[in-house]
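J.: The structure that follows is given in the form of structure tokens.
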2 protein chains.
Amino acid sequence: MTLVSEDNTETLNAPAIAQQSVEPTRKPTIMDVAAASGVSYATVSRYLNGNPHVSAKAARRIAAAVKATQYTPNNAARSLVRQRTQTVAFVVHGETDSIITDPNISTIMVTANQRLGDAGYQLVTLIADTPQACERIARLASSGFADGWILNSFHTDDALFNTFRELNVPIAISEVGYGSQSPFPTVDIDNAASSCALTKHMRDNGYRRIAYICGPDFLPCSTERLAGFRTVMGDDFDPSLVVSAADWSRGSGSAAIEQLLSRLAEGSSNRPASSLLADHHIDALMCGNDCIAVGAMQYLMSHGVRIPDDLAIAGFDDSPDAISSHPQLTTVHQPIEQFGICMADMVLDQLEGRTPQRIHMLDTTVIERESTAR
Amino acid sequence: MTLVSEDNTETLNAPAIAQQSVEPTRKPTIMDVAAASGVSYATVSRYLNGNPHVSAKAARRIAAAVKATQYTPNNAARSLVRQRTQTVAFVVHGETDSIITDPNISTIMVTANQRLGDAGYQLVTLIADTPQACERIARLASSGFADGWILNSFHTDDALFNTFRELNVPIAISEVGYGSQSPFPTVDIDNAASSCALTKHMRDNGYRRIAYICGPDFLPCSTERLAGFRTVMGDDFDPSLVVSAADWSRGSGSAAIEQLLSRLAEGSSNRPASSLLADHHIDALMCGNDCIAVGAMQYLMSHGVRIPDDLAIAGFDDSPDAISSHPQLTTVHQPIEQFGICMADMVLDQLEGRTPQRIHMLDTTVIERESTAR
DNA sequence: GTGAAAGCGCTAACAG
DNA sequence: CTGTTAGCGCTTTCAC
């Protein structure tokens with residue numbers, strides 16, 4: 001049998017082919033490829049970058065040489081000359097690692113990664129959990145480490161945040177509750193409106209006197225959610241039925257409800273929680289988020305309050321907690337995947353010269369579950 | 001009042017000071033700083049890199065110029081000339097986003113980040129959840145994107161894994177269950193020994209006939225854990241009481257126990273689960289990990305089996321599931337934080353010319369909880 | 001279509 | 001102590 005091969009008689013004067021045994025194994029450069037394929041390195045560069053002005057023959061030889069030398073272009077060199085890194089940094093901000101365990105963050109990360117990957121960018125995640133880490137990241141940000149930045153769970157008073165204000169690089173942020181005030185392109189949900197919707201739902205179901213556990217005071221989204229609640233409650237709003245949780249955790253949820261109960265008790269000790277609630281005609285409880293709700297619920301149930309019979313409870317976020325709890329939680333669902341996609345798009349818009357939306361509000365929906373069933 | 005100033009009469013011929021209004025706002029380079037401070041840019045570079053051969057006066061002027069121009073060194077340029085990026089990549093591997101939600105992974109990430117940060121490196125996380133993403137990352141790996149690599153949850157048959165084999169870059173891996181076979185420096189627990197310890201604990205507590213739900217068959221750590229169990233069980237080991245779960249999830253845990261029960265039933269339909277277990281004198285169940293255990297436990301409890309009265313159950317990993325379940329799970333604890341620290345150290349060792357340990361086995365401890373209480 | 005040459009911004013000898 | 005010079009590996013004019 002005879003194999004006819006079009007034109008592969010070219011020999012490679014490959015000096016780098018069998019170099020693997022040499023000690024430091026210097027990475028082959030574009031020069032090595034050029035030498036091995038007998039063309040100038042400019043031609044190799046053209047070939048590598050898909051420039052059409054490369055003859056078929058040259059292309060063939062270069063392809064062979066690339067394979068033989070196992071060449072891959074150097075990242076730093078390319079970034080330097082192109083003034084582009086082809087990466088977008090995803091900054092996760094938070095004191096503890098709790099923020100990273102947050103399933104929302106991971107989902108956002110994964111979806112953003114997908115979107116950016118399709119556009120030819122690599123998403124890299126950075127953790128800003130200590131002052132040192134923040135400083136490092138700030139330095140990276142102003143040294144062209146990434147072409148674009150996606151920032152999560154930033155506070156208004158954040159130092160890193162201010163670094164970015166002065167930087168003038170493509171950015172997208174989420175969930176800071178800035179609303180239309182944000183200095184950067186933002187994707188968020190309308191916390192006030194969503195809270196309104198949920199409160200309305202509760203009212204429609206007949207709940208009249210509703211207590212409220214607010215999220216951390218210093219966060220805009222906490223106050224916006226409370227504001228939505230207040231709006232719908234109107235004259236029925238009773239400030240004495242509002243307490244604030246220290247953070248978004250279950251623990252602070254139970255602490256908050258305990259505080260509210262002792263406030264209701266007003267010295268009269270040892271009243272059971274359920275009669276305390278009954279005395280004040282409280283028929284429902286709304287919470288800043290699902291975790292707080294679950295924490296409060298666990299506390300109440302372990303003190304003999306039946307949910308939803310004695311008291312209805314609603315959360316916010318539709319996190320996994322909302323489903324894994326017993327009873328399952330009525331809550332507000334937000335399209336998490338969209339956060340990642342929208343932020344990625346906002347960064348891509350800026351990267352590609354388009355003007356990004358200043359703020360993208362995502363739709364939410366009220367999810368009715370057992371915890372408020374009549 | 002008179003302020004005496006030592007020597008700050010120097011004027012800066014700063015051309016870049018008020019450039020902010022110009023359109024494209026070109027980033028200041030080391031040249032701009034040099035020009036503004038009246039020294040050569042080599043001196044600026046020296047100053048920036050802490051080289052002691054810079055006069056106090058020059059240092060002062062340069063410091064002022066740096067501030068005035070808001071200069072920050074360019075990352076790509078520095079990486080190119082230094083042949084170092086000062087970053088270590090953390091690759092999270094997995095088909096879905098479930099892997100990232102895994103609290104273990106986040107803890108490892110956070111601790112590794114801390115350690116590497118202290119050593120002057122920036123940890124960057126990459127998600128390898130699709131073939132395209134893997135390919136992108138493989139390309140980055142061979143183009144000097146990072147100085148070192150930390151790989152998580154890789155399978156033996158992994159394409160990315162093989163890319164790294166040929167790359168000869170600083171690497172550390174974890175949890176692949178390779179044991180001493182690993183081609184890379186590895187940190188892991190001794191799955192077999194840990195499983196032995198747990199099984200022994202069960203035996204010491206009087207449990208004789210123990211069923212076993214194995215983790216995914218294709219994973220070395222699954223089979224190692226099973227092997228440890230088998231060793232201790234000795235002649236009491238009964239292969240007919242072993243089933244495999246499809247993955248590490250709760251769902252496959254309940255599926256597996258259902259399968260085992262139907263095997264035990266052998267056609268005799270409608271026997272309650274508890275009497276089925278009693279007939280076969282099964283007094284305990286051990287599982288490949290906590291999630292599987294919880295899944296099995298939920299299934300059994302909803303079919304009338306009392307835990308631990310009718311059947312004791314033990315998990316593995318000491319994940320949050322082990323504590324949040326009712327009853328809480330007896331399990332094997334592993335020092336998760338150490339995974340991150342050890343992998344970081346292994347990479348640092350290689351980065352700094354030391355020879356890393358080939359394999360670092362972390363200590364585990366058996367944690368006794370309610371699910372096996374006598 | 002291809003090669004020569006000029007940088008991208010920076011570090012690191014090397015002379016002075 | 002400081003300036004000059006030569007690259008790091010690559011892209012991109014600009015001639016030919």
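Ordered as shown in the structure tokens, chains take letters A, B, and onward, while each chain numbers its residues from 1 and ligands are numbered from 1 in the order shown.
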Using only C-alpha atoms (C1' of nucleotides), I'd like every residue of chain D that has an atom within 8 Å of chain A; please write them out as a PyMOL selection string.

T.: chain D and resi 8-11

J.: The selected residues should be written to file as a PDB file, in the first residue's frame (atoms: N, CA, C and O atoms (P, O5', C5', C4', C3', O3' and C1' of nucleotides)).

T.:
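Once written, result_10.pdb looks like this:
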ATOM      1  P    DC D   8      16.185  37.677  26.024  1.00  0.00           P
ATOM      2  O5'  DC D   8      14.939  37.631  26.999  1.00  0.00           O
ATOM      3  C5'  DC D   8      15.047  37.312  28.391  1.00  0.00           C
ATOM      4  C4'  DC D   8      13.680  37.479  28.991  1.00  0.00           C
ATOM      5  C3'  DC D   8      12.552  37.033  28.060  1.00  0.00           C
ATOM      6  O3'  DC D   8      12.149  35.721  28.434  1.00  0.00           O
ATOM      7  C1'  DC D   8      12.089  39.213  29.063  1.00  0.00           C
ATOM      8  P    DG D   9      12.191  34.562  27.331  1.00  0.00           P
ATOM      9  O5'  DG D   9      10.877  34.832  26.487  1.00  0.00           O
ATOM     10  C5'  DG D   9       9.607  34.768  27.132  1.00  0.00           C
ATOM     11  C4'  DG D   9       8.568  35.366  26.217  1.00  0.00           C
ATOM     12  C3'  DG D   9       8.517  34.742  24.817  1.00  0.00           C
ATOM     13  O3'  DG D   9       7.187  34.336  24.585  1.00  0.00           O
ATOM     14  C1'  DG D   9       8.584  37.088  24.683  1.00  0.00           C
ATOM     15  P    DC D  10       6.658  33.786  23.212  1.00  0.00           P
ATOM     16  O5'  DC D  10       5.947  35.075  22.629  1.00  0.00           O
ATOM     17  C5'  DC D  10       4.792  35.569  23.291  1.00  0.00           C
ATOM     18  C4'  DC D  10       4.489  36.963  22.806  1.00  0.00           C
ATOM     19  C3'  DC D  10       4.019  37.057  21.361  1.00  0.00           C
ATOM     20  O3'  DC D  10       2.592  37.116  21.360  1.00  0.00           O
ATOM     21  C1'  DC D  10       5.540  38.816  21.971  1.00  0.00           C
ATOM     22  P    DT D  11       1.815  37.099  19.989  1.00  0.00           P
ATOM     23  O5'  DT D  11       1.739  38.645  19.604  1.00  0.00           O
ATOM     24  C5'  DT D  11       1.000  39.526  20.440  1.00  0.00           C
ATOM     25  C4'  DT D  11       1.083  40.930  19.900  1.00  0.00           C
ATOM     26  C3'  DT D  11       0.438  41.149  18.524  1.00  0.00           C
ATOM     27  O3'  DT D  11      -0.308  42.361  18.626  1.00  0.00           O
ATOM     28  C1'  DT D  11       2.660  41.910  18.467  1.00  0.00           C
TER      29       DT D  11
END

J.: Quick check: residues of chain A within 8 Å of chain B, only C-alpha atoms, returned as a count of residues only.

T.: 32

J.: Rank nothing, just name the residue among B:Ala192, B:Ala159, B:Leu48, B:Met233 nearest to chain C, using only C-alpha atoms (C1' of nucleotides).

T.: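 Using only C-alpha atoms (C1' of nucleotides), chain C sits closest to B:Leu48.
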
J.: Mind giving me the straight-line distance from atom CA of Ile359 of chain A to atom CA of Asn152 of chain A in Å, one decimal?

T.: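 About the pair atom CA of Ile359 of chain A and atom CA of Asn152 of chain A: they are 14.9 Å apart.
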
J.: Specify as a list in words all residues of chain C found within 10 Å of chain A, counting only C-alpha atoms (C1' of nucleotides).

T.: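 Therefore, the residues near the partner are DG1, DT2, DG3, DA4, DG7, DC8 and DG9 of chain C.
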
J.: Those residues you just picked out, can you put them in a file as a PDB file, in the first residue's frame with C-alpha atoms (C1' of nucleotides)?

T.:
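What follows is the written file result-v9.pdb:
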ATOM      1  C1'  DG C   1       3.452  36.754   1.812  1.00  0.00           C
ATOM      2  C1'  DT C   2       7.417  37.734   4.621  1.00  0.00           C
ATOM      3  C1'  DG C   3      11.381  39.679   7.271  1.00  0.00           C
ATOM      4  C1'  DA C   4      13.370  43.574   9.900  1.00  0.00           C
ATOM      5  C1'  DG C   7       8.525  48.818  21.127  1.00  0.00           C
ATOM      6  C1'  DC C   8       4.984  47.107  25.473  1.00  0.00           C
ATOM      7  C1'  DG C   9       7.006  48.405  30.943  1.00  0.00           C
TER       8       DG C   9
END

J.: Among the residues of segment 94-226 of chain B, find those DSSP assigns to alpha helix (DSSP H) from the backbone and print them as a PyMOL selection string.

T.: chain B and resi 98-101+103-118+131-141+159-165+191-204+220-226

J.: Take atom CA of His303 of chain B and atom CA of Pro272 of chain B and report the distance between them in Å, one decimal.

T.: 7.4 Å

J.: Please list as an MDAnalysis selection string every residue within 9 Å of segment 211-216 of chain B, counting only C-alpha atoms (C1' of nucleotides) and excluding residues in the same chain fewer than 6 positions away.

T.: chainID B and resid 222:223 225:226 229 237:248 253 256:257 260 282:289 292:293 296

J.: In segment 72-228 of chain B, what's strand (DSSP E) per DSSP? Answer as a ChimeraX atom specification?

T.: /B:87-93,122-128,148-152,171-174,186-189,210-214

J.: Atom CA of Asp188 of chain B and atom CA of Phe161 of chain B, how far apart in Å?

T.: 16.9 Å

J.: Near DC14 of chain C, counting only C-alpha atoms (C1' of nucleotides), which residues have an atom at most 12 Å away, once you skip same-chain residues fewer than 4 positions from it, shown as number ranges by chain?

T.: D: 2-6
